[in-house]
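Participant: Okay, so here is my_file.txt, and as you'll see once you scroll down, it has compact mmCIF, C-alpha atoms.
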# COMPACT_ATOMS: atom_id res chain seq x y z
CA MET A 8 -99.69 -36.98 -133.42
CA ASN A 9 -100.22 -33.87 -131.32
CA ALA A 10 -100.88 -30.16 -131.52
CA PHE A 11 -97.28 -29.37 -132.23
CA ASP A 12 -97.49 -31.06 -135.61
CA HIS A 13 -99.25 -27.93 -136.80
CA ASP A 14 -96.64 -25.62 -135.41
CA HIS A 15 -94.60 -25.14 -138.55
CA HIS A 16 -93.07 -21.86 -139.62
CA ASP A 17 -91.62 -22.45 -143.03
CA ASP A 18 -91.95 -18.92 -144.25
CA ASP A 19 -88.48 -17.70 -143.29
CA PRO A 20 -86.10 -16.72 -146.04
CA ARG A 21 -83.52 -19.44 -146.49
CA LEU A 22 -80.17 -18.59 -145.02
CA SER A 23 -76.96 -19.22 -146.89
CA ARG A 24 -74.72 -21.92 -145.44
CA ARG A 25 -72.11 -19.29 -144.67
CA LYS A 26 -74.64 -17.25 -142.72
CA VAL A 27 -75.78 -20.33 -140.87
CA LEU A 28 -72.23 -21.16 -139.82
CA GLU A 29 -71.67 -17.59 -138.66
CA CYS A 30 -74.75 -17.83 -136.52
CA MET A 31 -73.63 -21.14 -135.10
CA THR A 32 -70.69 -19.43 -133.46
CA TRP A 33 -73.16 -17.58 -131.25
CA ALA A 34 -74.61 -20.79 -129.90
CA GLY A 35 -72.61 -20.56 -126.69
CA THR A 36 -74.11 -17.23 -125.74
CA GLY A 37 -77.63 -18.46 -125.08
CA VAL A 38 -79.55 -18.36 -128.30
CA LEU A 39 -82.41 -20.77 -128.91
CA TRP A 40 -82.30 -22.40 -132.31
CA THR A 41 -84.94 -24.24 -134.16
CA ILE A 42 -85.09 -25.62 -137.65
CA ALA A 43 -87.72 -24.58 -140.16
CA GLY A 44 -87.64 -26.30 -143.50
CA GLY A 45 -84.19 -27.63 -142.73
CA VAL A 46 -82.68 -24.20 -142.06
CA PRO A 47 -81.54 -23.21 -138.57
CA ARG A 48 -83.37 -20.18 -137.23
CA ALA A 49 -82.66 -18.16 -134.12
CA LEU A 50 -85.76 -17.60 -132.01
CA GLY A 51 -84.15 -15.19 -129.60
CA LEU A 52 -82.45 -15.17 -126.26
CA VAL A 53 -83.06 -17.97 -123.83
CA GLY A 54 -85.77 -16.63 -121.50
CA ALA A 55 -88.00 -15.09 -124.18
CA ALA A 56 -87.53 -18.00 -126.54
CA GLN A 57 -88.51 -20.52 -123.90
CA ALA A 58 -91.66 -18.60 -123.13
CA SER A 59 -92.71 -18.27 -126.76
CA GLU A 60 -91.92 -21.76 -127.90
CA PRO A 61 -94.21 -24.51 -126.61
CA ALA A 62 -91.95 -27.13 -128.15
CA GLY A 63 -92.62 -30.82 -128.53
CA LEU A 64 -89.80 -32.77 -126.99
CA THR A 65 -87.41 -30.74 -124.88
CA PHE A 66 -84.47 -32.31 -123.16
CA LEU A 67 -81.52 -30.92 -121.34
CA GLN A 68 -77.86 -31.83 -121.32
CA ILE A 69 -75.47 -31.35 -118.42
CA SER A 70 -71.91 -32.58 -118.32
CA ASP A 71 -68.65 -32.86 -116.48
CA SER A 72 -69.87 -32.14 -112.97
CA HIS A 73 -66.52 -33.47 -111.59
CA ILE A 74 -67.86 -33.83 -108.07
CA GLY A 75 -64.75 -34.12 -105.88
CA PHE A 76 -62.73 -31.55 -107.80
CA ASP A 77 -61.56 -28.89 -105.34
CA LYS A 78 -58.67 -27.11 -107.01
CA PRO A 79 -58.35 -23.32 -107.53
CA ALA A 80 -60.09 -23.38 -110.93
CA ASN A 81 -63.27 -24.04 -108.91
CA PRO A 82 -62.97 -25.17 -105.29
CA ASN A 83 -66.75 -25.62 -105.10
CA ALA A 84 -67.83 -27.97 -107.91
CA ILE A 85 -70.71 -29.13 -105.70
CA GLY A 86 -71.97 -25.55 -105.44
CA THR A 87 -71.92 -24.89 -109.18
CA LEU A 88 -73.72 -28.18 -109.89
CA GLU A 89 -76.35 -27.14 -107.35
CA GLU A 90 -76.69 -23.82 -109.18
CA ALA A 91 -77.10 -25.58 -112.52
CA ILE A 92 -79.78 -27.88 -111.10
CA GLY A 93 -81.46 -24.86 -109.53
CA ARG A 94 -81.67 -23.25 -112.96
CA ILE A 95 -83.14 -26.42 -114.43
CA LYS A 96 -85.78 -26.53 -111.69
CA ALA A 97 -86.66 -22.90 -112.46
CA MET A 98 -87.18 -23.44 -116.19
CA PRO A 99 -90.67 -22.37 -117.27
CA ALA A 100 -91.08 -25.42 -119.52
CA VAL A 101 -90.09 -28.65 -117.78
CA PRO A 102 -87.77 -30.70 -120.01
CA SER A 103 -88.77 -34.29 -120.64
CA PHE A 104 -85.48 -35.64 -119.29
CA LEU A 105 -81.85 -34.93 -118.69
CA ILE A 106 -78.75 -36.32 -120.35
CA HIS A 107 -75.45 -36.34 -118.47
CA THR A 108 -72.47 -36.77 -120.77
CA GLY A 109 -70.00 -38.03 -118.22
CA ASP A 110 -67.39 -37.15 -115.61
CA ILE A 111 -70.10 -37.14 -113.00
CA SER A 112 -67.35 -37.68 -110.43
CA HIS A 113 -63.73 -36.62 -110.29
CA LEU A 114 -62.11 -39.75 -108.80
CA SER A 115 -64.92 -42.35 -109.04
CA LYS A 116 -65.34 -42.34 -105.26
CA ALA A 117 -68.62 -43.61 -103.85
CA SER A 118 -69.01 -40.38 -101.86
CA GLU A 119 -68.62 -38.33 -105.04
CA PHE A 120 -71.29 -40.33 -106.85
CA ASP A 121 -73.49 -39.99 -103.72
CA ASP A 122 -73.14 -36.20 -103.75
CA ALA A 123 -73.84 -36.01 -107.50
CA ASP A 124 -76.93 -38.22 -107.14
CA ARG A 125 -78.25 -36.18 -104.21
CA ILE A 126 -77.96 -32.91 -106.16
CA ILE A 127 -79.02 -34.09 -109.63
CA SER A 128 -82.05 -35.94 -108.25
CA GLN A 129 -83.40 -32.59 -107.04
CA ALA A 130 -84.24 -31.81 -110.68
CA ARG A 131 -86.86 -34.61 -110.43
CA LEU A 132 -86.17 -35.68 -114.00
CA ASP A 133 -85.17 -38.96 -115.55
CA VAL A 134 -81.44 -38.86 -116.20
CA HIS A 135 -79.66 -40.79 -118.94
CA TYR A 136 -75.96 -41.12 -118.23
CA VAL A 137 -72.87 -42.13 -120.14
CA PRO A 138 -69.53 -42.39 -118.30
CA GLY A 139 -66.51 -40.16 -118.60
CA GLU A 140 -63.00 -41.39 -117.90
CA HIS A 141 -63.21 -39.92 -114.39
CA ASP A 142 -66.15 -42.24 -113.63
CA PHE A 143 -64.09 -45.33 -114.48
CA ILE A 144 -61.13 -44.71 -112.18
CA ASP A 145 -61.97 -47.15 -109.37
CA GLU A 146 -59.86 -50.28 -109.50
CA GLU A 147 -62.62 -52.72 -110.38
CA VAL A 148 -64.45 -50.14 -112.50
CA LYS A 149 -67.73 -51.15 -110.96
CA LEU A 150 -69.14 -48.12 -109.14
CA TYR A 151 -70.42 -46.44 -112.32
CA ARG A 152 -71.83 -49.67 -113.69
CA GLU A 153 -73.59 -50.56 -110.45
CA ARG A 154 -75.27 -47.16 -110.25
CA TYR A 155 -75.94 -46.21 -113.82
CA GLY A 156 -75.22 -49.23 -115.96
CA ARG A 157 -78.25 -51.38 -115.23
CA GLY A 158 -79.89 -52.52 -118.42
CA THR A 159 -76.98 -51.32 -120.52
CA LYS A 160 -74.66 -53.31 -122.76
CA GLY A 161 -70.92 -53.81 -122.42
CA SER A 162 -69.33 -51.02 -120.43
CA GLY A 163 -72.58 -49.01 -120.42
CA TRP A 164 -73.93 -48.32 -123.90
CA TYR A 165 -77.65 -48.37 -124.71
CA SER A 166 -80.38 -46.75 -126.76
CA PHE A 167 -83.94 -45.60 -126.17
CA ASP A 168 -86.72 -43.83 -128.01
CA ALA A 169 -88.57 -40.67 -127.03
CA SER A 170 -91.20 -38.85 -129.09
CA GLY A 171 -89.99 -40.41 -132.31
CA VAL A 172 -86.33 -39.56 -131.68
CA HIS A 173 -83.85 -42.42 -131.28
CA PHE A 174 -81.27 -41.72 -128.56
CA ILE A 175 -78.00 -43.66 -128.44
CA GLY A 176 -75.65 -43.44 -125.45
CA LEU A 177 -72.12 -44.55 -126.29
CA VAL A 178 -69.06 -45.21 -124.14
CA ASN A 179 -65.72 -44.08 -125.54
CA VAL A 180 -63.61 -44.03 -122.37
CA VAL A 181 -62.56 -47.69 -122.00
CA ASP A 182 -59.73 -49.75 -123.49
CA LEU A 183 -57.84 -46.61 -124.38
CA LYS A 184 -54.62 -47.37 -126.23
CA ALA A 185 -51.25 -45.69 -125.69
CA GLY A 186 -50.92 -42.71 -127.99
CA GLY A 187 -54.56 -42.97 -129.00
CA LEU A 188 -57.79 -41.05 -128.55
CA GLY A 189 -61.20 -42.03 -127.21
CA ASN A 190 -62.28 -45.51 -128.22
CA LEU A 191 -65.58 -47.25 -128.92
CA GLY A 192 -64.27 -50.70 -129.82
CA ALA A 193 -65.43 -53.42 -132.18
CA GLU A 194 -68.07 -54.86 -129.84
CA GLN A 195 -69.82 -51.52 -129.38
CA LEU A 196 -69.65 -50.67 -133.08
CA ALA A 197 -71.20 -54.06 -133.92
CA TRP A 198 -73.95 -53.33 -131.41
CA LEU A 199 -74.53 -49.88 -132.94
CA GLU A 200 -74.80 -51.34 -136.42
CA ASP A 201 -77.31 -53.84 -135.11
CA ASP A 202 -79.23 -51.15 -133.21
CA LEU A 203 -79.61 -49.07 -136.38
CA ARG A 204 -80.42 -51.96 -138.69
CA GLY A 205 -83.88 -51.70 -140.20
CA ARG A 206 -84.53 -48.32 -138.62
CA SER A 207 -86.14 -45.75 -140.92
CA THR A 208 -83.56 -43.22 -142.10
CA SER A 209 -86.08 -40.47 -141.43
CA THR A 210 -85.81 -41.18 -137.71
CA PRO A 211 -83.99 -38.28 -136.01
CA ILE A 212 -80.96 -39.66 -134.16
CA VAL A 213 -79.29 -38.19 -131.09
CA VAL A 214 -75.97 -39.76 -130.14
CA PHE A 215 -74.37 -38.85 -126.85
CA ALA A 216 -70.96 -39.82 -125.54
CA HIS A 217 -68.36 -38.27 -123.26
CA ILE A 218 -65.37 -37.66 -125.53
CA PRO A 219 -66.13 -35.88 -128.83
CA LEU A 220 -66.75 -38.37 -131.65
CA TRP A 221 -65.22 -35.84 -134.04
CA SER A 222 -61.61 -34.67 -134.06
CA VAL A 223 -61.70 -31.46 -132.07
CA TYR A 224 -57.98 -31.43 -131.19
CA PRO A 225 -56.18 -34.78 -131.30
CA THR A 226 -53.01 -33.24 -129.81
CA TRP A 227 -54.92 -33.05 -126.53
CA GLY A 228 -56.68 -36.35 -127.10
CA TRP A 229 -59.92 -34.57 -128.03
CA GLY A 230 -61.39 -37.02 -130.48
CA THR A 231 -62.38 -40.68 -130.82
CA GLU A 232 -60.12 -43.12 -132.64
CA ASP A 233 -62.97 -45.02 -134.27
CA GLY A 234 -65.55 -42.22 -134.13
CA ALA A 235 -65.65 -42.04 -137.93
CA ARG A 236 -66.79 -45.66 -138.05
CA ALA A 237 -69.75 -44.84 -135.83
CA LEU A 238 -70.60 -41.80 -137.94
CA SER A 239 -70.39 -43.84 -141.14
CA LEU A 240 -73.15 -46.06 -139.74
CA LEU A 241 -75.28 -42.90 -139.37
CA LYS A 242 -74.58 -41.36 -142.75
CA ASP A 243 -77.89 -42.42 -144.31
CA PHE A 244 -79.98 -40.83 -141.59
CA GLY A 245 -81.49 -37.44 -142.36
CA SER A 246 -80.91 -35.85 -138.97
CA VAL A 247 -78.09 -36.78 -136.63
CA THR A 248 -77.14 -34.78 -133.56
CA VAL A 249 -74.02 -35.73 -131.64
CA LEU A 250 -73.66 -34.42 -128.08
CA ASN A 251 -70.58 -34.73 -125.92
CA GLY A 252 -68.77 -33.21 -122.94
CA HIS A 253 -65.13 -33.72 -121.92
CA ILE A 254 -63.68 -30.47 -123.26
CA HIS A 255 -65.60 -28.12 -120.94
CA GLN A 256 -66.51 -25.50 -123.52
CA ALA A 257 -69.32 -24.90 -126.01
CA MET A 258 -68.36 -25.88 -129.52
CA GLN A 259 -70.52 -26.70 -132.48
CA LYS A 260 -69.98 -27.98 -135.99
CA VAL A 261 -72.33 -28.89 -138.81
CA GLU A 262 -71.16 -31.43 -141.32
CA GLY A 263 -73.67 -32.65 -143.87
CA ASN A 264 -76.57 -34.19 -141.97
CA VAL A 265 -74.68 -34.24 -138.67
CA THR A 266 -74.63 -31.53 -136.02
CA PHE A 267 -71.93 -31.85 -133.37
CA HIS A 268 -72.33 -30.04 -130.11
CA THR A 269 -70.12 -29.94 -127.03
CA ALA A 270 -71.53 -28.93 -123.66
CA ARG A 271 -69.92 -26.82 -121.00
CA SER A 272 -68.94 -28.31 -117.68
CA THR A 273 -70.73 -27.37 -114.49
CA ALA A 274 -67.38 -27.55 -112.65
CA PHE A 275 -64.52 -25.74 -114.38
CA PRO A 276 -63.63 -24.41 -117.83
CA GLN A 277 -60.86 -25.75 -120.04
CA PRO A 278 -58.88 -23.72 -122.57
CA ALA A 279 -59.68 -23.50 -126.27
CA PRO A 280 -57.61 -25.96 -128.34
CA GLY A 281 -53.94 -25.05 -128.48
CA THR A 282 -54.27 -21.87 -126.41
CA ALA A 283 -52.57 -23.26 -123.28
CA PRO A 284 -49.72 -25.67 -122.44
CA SER A 285 -52.27 -28.37 -121.57
CA PRO A 286 -56.00 -29.05 -121.52
CA GLY A 287 -56.00 -28.82 -117.70
CA PRO A 288 -58.47 -26.73 -115.68
CA MET A 289 -58.44 -23.08 -116.68
CA LYS A 290 -58.20 -20.60 -113.81
CA VAL A 291 -60.31 -17.56 -114.49
CA THR A 292 -61.26 -14.68 -112.23
CA ASP A 293 -64.05 -15.52 -109.81
CA ASP A 294 -66.48 -13.10 -111.45
CA LYS A 295 -65.97 -14.79 -114.83
CA LEU A 296 -66.19 -18.44 -113.73
CA ARG A 297 -69.96 -18.80 -113.95
CA SER A 298 -70.06 -17.35 -117.45
CA LEU A 299 -67.96 -20.33 -118.56
CA LEU A 300 -70.02 -23.04 -116.88
CA GLY A 301 -73.50 -24.10 -117.80
CA THR A 302 -76.07 -26.39 -119.29
CA ALA A 303 -77.60 -26.96 -122.69
CA SER A 304 -81.22 -27.67 -123.45
CA ILE A 305 -82.31 -29.18 -126.71
CA VAL A 306 -85.69 -28.82 -128.34
CA PHE A 307 -87.04 -31.28 -130.85
CA LYS A 308 -90.09 -30.21 -132.78
CA PRO A 309 -92.07 -33.12 -134.17
CA GLY A 310 -92.34 -32.66 -137.91
CA ALA A 311 -89.17 -30.57 -138.06
CA GLU A 312 -85.95 -32.29 -138.89
CA LYS A 313 -83.37 -31.08 -136.46
CA LEU A 314 -82.88 -29.98 -132.92
CA ALA A 315 -82.53 -26.58 -131.36
CA ILE A 316 -79.83 -26.25 -128.74
CA ILE A 317 -79.77 -23.59 -126.05
CA ASP A 318 -76.55 -23.06 -124.13
CA THR A 319 -77.08 -21.53 -120.77
CA PRO A 320 -74.11 -20.20 -118.85
CA LEU A 321 -74.65 -20.24 -115.09
CA GLN A 322 -74.20 -16.47 -115.32
CA SER A 323 -74.44 -14.45 -118.52
CA MET B 1 -33.75 -41.02 -86.70
CA THR B 2 -30.28 -39.62 -86.11
CA SER B 3 -31.13 -38.27 -82.67
CA LEU B 4 -32.65 -41.62 -81.78
CA PHE B 5 -29.37 -43.39 -82.60
CA LEU B 6 -27.37 -40.83 -80.63
CA ARG B 7 -29.63 -41.19 -77.62
CA GLY B 8 -29.14 -44.90 -77.79
CA GLY B 9 -25.41 -44.17 -77.70
CA GLY B 10 -24.63 -47.18 -79.88
CA PHE B 11 -21.78 -46.31 -82.20
CA GLY B 12 -22.10 -49.73 -83.81
CA ILE B 13 -25.71 -49.16 -84.66
CA THR B 14 -25.13 -45.81 -86.40
CA LEU B 15 -22.19 -47.26 -88.31
CA ALA B 16 -24.28 -50.21 -89.46
CA ALA B 17 -27.04 -47.83 -90.55
CA ALA B 18 -24.57 -45.72 -92.49
CA MET B 19 -23.14 -48.78 -94.22
CA ALA B 20 -26.60 -50.01 -95.13
CA LEU B 21 -27.36 -46.65 -96.69
CA GLN B 22 -24.16 -46.75 -98.70
CA ILE B 23 -24.89 -50.21 -99.97
CA SER B 24 -28.45 -49.38 -100.97
CA GLY B 25 -27.20 -46.18 -102.57
CA ALA B 26 -24.78 -48.11 -104.72
CA ARG B 27 -27.27 -50.73 -105.85
CA CYS B 28 -30.48 -48.79 -106.30
CA GLU B 29 -30.74 -45.48 -108.02
CA GLU B 30 -33.89 -43.48 -107.69
CA VAL B 31 -35.15 -41.35 -110.53
CA MET B 32 -38.13 -39.03 -110.64
CA VAL B 33 -40.54 -38.40 -113.51
CA THR B 34 -42.92 -35.52 -112.98
CA ILE B 35 -46.34 -35.13 -114.57
CA ASP B 36 -47.05 -31.53 -115.46
CA ASN B 37 -49.39 -30.10 -118.06
CA PHE B 38 -50.49 -33.59 -119.20
CA THR B 39 -46.86 -34.47 -120.00
CA PHE B 40 -44.38 -36.98 -118.54
CA SER B 41 -41.08 -35.21 -117.91
CA PRO B 42 -38.58 -36.42 -118.92
CA GLY B 43 -40.55 -38.24 -121.59
CA GLU B 44 -37.76 -40.71 -122.23
CA LEU B 45 -35.34 -41.91 -119.62
CA THR B 46 -32.41 -44.39 -119.64
CA VAL B 47 -31.70 -46.13 -116.31
CA LYS B 48 -29.73 -49.11 -115.01
CA VAL B 49 -31.30 -52.38 -113.91
CA GLY B 50 -32.41 -52.05 -110.30
CA THR B 51 -33.40 -48.43 -110.61
CA THR B 52 -36.61 -47.27 -108.97
CA VAL B 53 -38.53 -44.70 -110.97
CA THR B 54 -41.07 -42.56 -109.16
CA TRP B 55 -43.75 -40.65 -111.03
CA LYS B 56 -45.29 -37.67 -109.27
CA ASN B 57 -48.48 -36.01 -110.50
CA GLN B 58 -48.31 -32.24 -110.24
CA ASP B 59 -51.42 -31.58 -112.36
CA ASP B 60 -54.87 -30.65 -111.04
CA ILE B 61 -56.27 -33.66 -112.89
CA PRO B 62 -55.64 -37.34 -111.98
CA HIS B 63 -53.37 -39.41 -114.19
CA THR B 64 -52.17 -43.01 -114.30
CA VAL B 65 -48.91 -44.68 -115.31
CA VAL B 66 -49.47 -47.92 -117.23
CA SER B 67 -47.09 -50.15 -119.16
CA ALA B 68 -49.12 -52.99 -120.67
CA GLY B 69 -48.38 -56.24 -118.86
CA LYS B 70 -45.54 -54.65 -116.86
CA PHE B 71 -46.86 -52.18 -114.33
CA LYS B 72 -49.96 -50.17 -113.60
CA SER B 73 -50.48 -47.43 -111.04
CA LYS B 74 -53.73 -46.47 -109.42
CA ALA B 75 -55.11 -43.09 -110.44
CA LEU B 76 -52.73 -40.52 -109.01
CA ASP B 77 -54.51 -37.47 -107.68
CA THR B 78 -52.71 -34.14 -107.38
CA GLY B 79 -49.47 -34.68 -105.41
CA ASP B 80 -49.68 -38.49 -105.47
CA SER B 81 -46.70 -40.64 -106.49
CA TYR B 82 -46.15 -44.12 -107.88
CA SER B 83 -42.87 -46.06 -107.87
CA PHE B 84 -41.70 -49.07 -109.84
CA THR B 85 -38.34 -50.83 -109.61
CA PHE B 86 -37.01 -52.11 -112.92
CA SER B 87 -35.37 -55.49 -112.35
CA SER B 88 -34.72 -56.44 -115.95
CA ALA B 89 -33.43 -54.70 -119.03
CA GLY B 90 -35.68 -53.60 -121.88
CA ASP B 91 -37.71 -50.77 -123.31
CA TYR B 92 -40.78 -49.98 -121.21
CA LYS B 93 -43.27 -47.87 -123.10
CA TYR B 94 -45.97 -46.49 -120.85
CA PHE B 95 -48.94 -44.12 -121.00
CA CYS B 96 -51.73 -42.54 -118.96
CA SER B 97 -54.77 -44.77 -119.34
CA LEU B 98 -57.05 -41.78 -118.69
CA HIS B 99 -55.36 -39.50 -121.24
CA PRO B 100 -53.76 -41.92 -123.68
CA HIS B 101 -52.11 -39.19 -125.73
CA MET B 102 -49.71 -38.94 -122.78
CA THR B 103 -46.88 -41.42 -123.43
CA GLY B 104 -43.38 -42.03 -122.11
CA MET B 105 -40.56 -44.54 -122.23
CA ILE B 106 -38.09 -45.98 -119.73
CA LYS B 107 -35.07 -47.69 -121.31
CA VAL B 108 -33.50 -50.08 -118.82
CA GLU B 109 -29.91 -51.18 -119.52
Can the structure from this file be put into structure tokens for me?

Facilitator:
Amino acid sequence: MNAFDHDHHDDDPRLSRRKVLECMTWAGTGVLWTIAGGVPRALGLVGAAQASEPAGLTFLQISDSHIGFDKPANPNAIGTLEEAIGRIKAMPAVPSFLIHTGDISHLSKASEFDDADRIISQARLDVHYVPGEHDFIDEEVKLYRERYGRGTKGSGWYSFDASGVHFIGLVNVVDLKAGGLGNLGAEQLAWLEDDLRGRSTSTPIVVFAHIPLWSVYPTWGWGTEDGARALSLLKDFGSVTVLNGHIHQAMQKVEGNVTFHTARSTAFPQPAPGTAPSPGPMKVTDDKLRSLLGTASIVFKPGAEKLAIIDTPLQS
Amino acid sequence: MTSLFLRGGGFGITLAAAMALQISGARCEEVMVTIDNFTFSPGELTVKVGTTVTWKNQDDIPHTVVSAGKFKSKALDTGDSYSFTFSSAGDYKYFCSLHPHMTGMIKVE
């Protein structure tokens, strides 16, 4: 296929699952991971790893830009999004595209979407969006769909292929039921089943949605009511990576063939589950704010099975 | 308002205004529900028919107040309020359509 097919390094000693999970807890500090022979392997800190790793497909995730938010937790959400985009522009290896996992805006105002578009477009990358609940606040719920929903199904779900990876953008922020969590709905699940039908189970799958598909902390609504039904449709696939935003902190879990990864916000941090009275914006000292915001870039190596994810705080 | 009435010097007008206030006070109670820390407070409330309930969002994040088929606020940004007058008895369960784990109930007698 290309030169990178020959770029295998299968000679590493296999790590125990326990060791792997211990390492996973570092993911938020800026370590580049890759997979050799099915085992995650740390390549080093972000800058050096990027320089030494001429990866195949590289893409980048940003999330929860909340343009319009102006409260004390971060009165300048525009400024921190600009910083994040500045870092993306400065990356030595240009990612193939960008994924935005929702809450582009804070109140679904046209001016907020305008500001987000103006800043994000400076990255000069294709951007694949899914909506967060803050993008569906306008009365007719049409601003998101008019801007980002062209060519999508239902309330904005779709799939596409890139370098042999199948990407699926899901919407779990509509038709939310009292007392419930995020929701995909029967129509979207039927579409997903249809989208996966006949696809080779060796195809690496990347699913991205705003609210976590897994139960992070249902007490705060951090989970998706029918997320397990979506995951059951993916259980036969060898490599599944699920990316989300919504909870404004890096979190990662490996379960069987599925890796779950939550991105930081570029706007404001939220507390770890159960550590505060509510999931609302977390006020931290000004010098600490940028260490809790950031982006994630993901590397897919053709021939390898899984993805490497680099979390990049705006300031380490 | 008061100084305006006094300037007008019309005793009858101020008396009428006072009576109107008394009447409205007797018929329509007003009750406040605050939204703090992603929680409706009080979470359950019993009121009489005719009562106006006002929800005020004191969080840094927008919330809504929705009772399926009964009432639905716009998204309330920080400091925004929404009021609904309950004209018939019943149990009104409601929630925030943005954060559906937030639920509340107004019992109208």

Participant: At a cut-off of 7 Å, using only C-alpha atoms, what residues contact Val31 in chain B? Leave out same-chain residues fewer than 3 positions from it and give the result as a ChimeraX atom specification.

Facilitator: /B:52-54

Participant: Between B:Ser81, B:Thr46, B:Asn37, B:Ser87, which one has atoms that come closest to chain A, using all atoms listed in the file?

Facilitator: B:Asn37

Participant: Dump as a tab-separated table the rows for residues of chain A within 10 Å of chain B: closest atom pair and distance in Å with one decimal, all atoms listed in the file counted, ordered by chain and rising residue number.

Facilitator:
residue	atom	partner	partner_atom	distance
A:Phe76	CA	B:Ile61	CA	8.5
A:Asp77	CA	B:Asp60	CA	9.0
A:Lys78	CA	B:Asp60	CA	6.6
A:Pro79	CA	B:Asp60	CA	8.8
A:Ala80	CA	B:Asp60	CA	9.0
A:His113	CA	B:Pro62	CA	8.3
A:Leu114	CA	B:Pro62	CA	7.6
A:Ser115	CA	B:Ala75	CA	9.9
A:Gly139	CA	B:Leu98	CA	9.6
A:Glu140	CA	B:Leu98	CA	6.0
A:His141	CA	B:Leu98	CA	7.7
A:Phe143	CA	B:Leu98	CA	8.9
A:Ile144	CA	B:Ala75	CA	6.5
A:Asp145	CA	B:Ala75	CA	8.0
A:Glu146	CA	B:Lys74	CA	7.2
A:Val180	CA	B:Leu98	CA	7.9
A:Val181	CA	B:Leu98	CA	8.7
A:Asp182	CA	B:Ser97	CA	8.2
A:Leu183	CA	B:Ser97	CA	6.2
A:Lys184	CA	B:Pro100	CA	6.1
A:Ala185	CA	B:Pro100	CA	5.0
A:Gly186	CA	B:His101	CA	4.3
A:Gly187	CA	B:Pro100	CA	5.5
A:Leu188	CA	B:Pro100	CA	6.4
A:Gly189	CA	B:Pro100	CA	8.2
A:Pro225	CA	B:His101	CA	8.2
A:Thr226	CA	B:His101	CA	7.3
A:Trp227	CA	B:His101	CA	6.8
A:Gly228	CA	B:His101	CA	5.6
A:Trp229	CA	B:His101	CA	9.4
A:Ala283	CA	B:Asn37	CA	9.2
A:Pro284	CA	B:Asn37	CA	6.2
A:Ser285	CA	B:Asn37	CA	4.9
A:Pro286	CA	B:Phe38	CA	7.5
A:Gly287	CA	B:Asn37	CA	6.7
A:Pro288	CA	B:Asp60	CA	7.1

Participant: Can you pull out every residue within 9 Å of Val291 in chain A, counting all atoms listed in the file, but drop anything in the same chain fewer than 3 positions away, and send it as a PDB file with C-alpha atoms, in the coordinates of the input?

Facilitator:
ATOM      1  CA  ALA A  80     -60.090 -23.380-110.930  1.00  0.00           C
ATOM      2  CA  PRO A 276     -63.630 -24.410-117.830  1.00  0.00           C
ATOM      3  CA  ASP A 294     -66.480 -13.100-111.450  1.00  0.00           C
ATOM      4  CA  LYS A 295     -65.970 -14.790-114.830  1.00  0.00           C
ATOM      5  CA  LEU A 296     -66.190 -18.440-113.730  1.00  0.00           C
TER       6      LEU A 296
END

Participant: Within 10 Å of Ser88 in chain B, counting only C-alpha atoms, which residues qualify if same-chain residues fewer than 3 places away don't, as JSON, numbers by chain?

Facilitator: {"B": [48, 49, 50, 51, 85, 91, 108, 109]}

Participant: For the atom pair CA of Leu64 in chain A and CA of Ile127 in chain A, what is the interatomic distance in Å to one decimal place?

Facilitator: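 Between CA of Leu64 in chain A and CA of Ile127 in chain A the gap is 20.5 Å.
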
Participant: How many Å lie between CA of Asp293 in chain A and CA of Asn81 in chain A, rounded to one decimal?

Facilitator: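 These atoms are spaced 8.6 Å apart.
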
Participant: Rounded to one decimal in Å, what is the spacing between CA of Arg131 in chain A and CA of Leu105 in chain A?

Facilitator: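 Between these atoms lies a distance of 9.7 Å.
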
Participant: Give as an MDAnalysis selection string every residue, naming chains and numbers as the document does, that has an atom within 8 Å of (-73.6, -33.0, -131.1), counting all atoms listed in the file.

Facilitator: chainID A and resid 213:215 248:251 259:260 265:269

Participant: Determine, counting only C-alpha atoms, which protein, DNA and RNA residues have an atom within 10 Å of an atom of range 201-204 of chain A; residues of the same chain fewer than 2 positions away are not included. Present the result as number ranges by chain.

Facilitator: A: 165-166, 173, 175, 195-199, 206-208, 212, 240-241, 244

Participant: Kindly indicate which residue among A:Gly230, A:Pro82, A:Gly171, A:Pro211 lies nearest to Ile254 in chain A, using all atoms listed in the file for the distances.

Facilitator: A:Gly230

Participant: Considering only C-alpha atoms, return as a PDB file with C-alpha atoms, in the coordinates of the input whatever protein or nucleic-acid residues lie within 7 Å of Tyr92 in chain B, sequence-local ones (same chain, fewer than 5 positions apart) excluded.

Facilitator:
ATOM      1  CA  SER B  67     -47.090 -50.150-119.160  1.00  0.00           C
ATOM      2  CA  MET B 105     -40.560 -44.540-122.230  1.00  0.00           C
ATOM      3  CA  ILE B 106     -38.090 -45.980-119.730  1.00  0.00           C
ATOM      4  CA  LYS B 107     -35.070 -47.690-121.310  1.00  0.00           C
TER       5      LYS B 107
END

Participant: Choose the residue, out of A:Ile218, A:Thr282, A:Asn179, A:Asp243, that has the smallest atom-to-atom separation from Gly205 in chain A; count all atoms listed in the file.

Facilitator: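 Checking each candidate against Gly205 in chain A, we get A:Asp243 as the closest.
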
Participant: Between A:Val247, A:Ala216, A:Ala84, A:Leu67, which one has atoms that come closest to Ser272 in chain A, using all atoms listed in the file?

Facilitator: A:Ala84
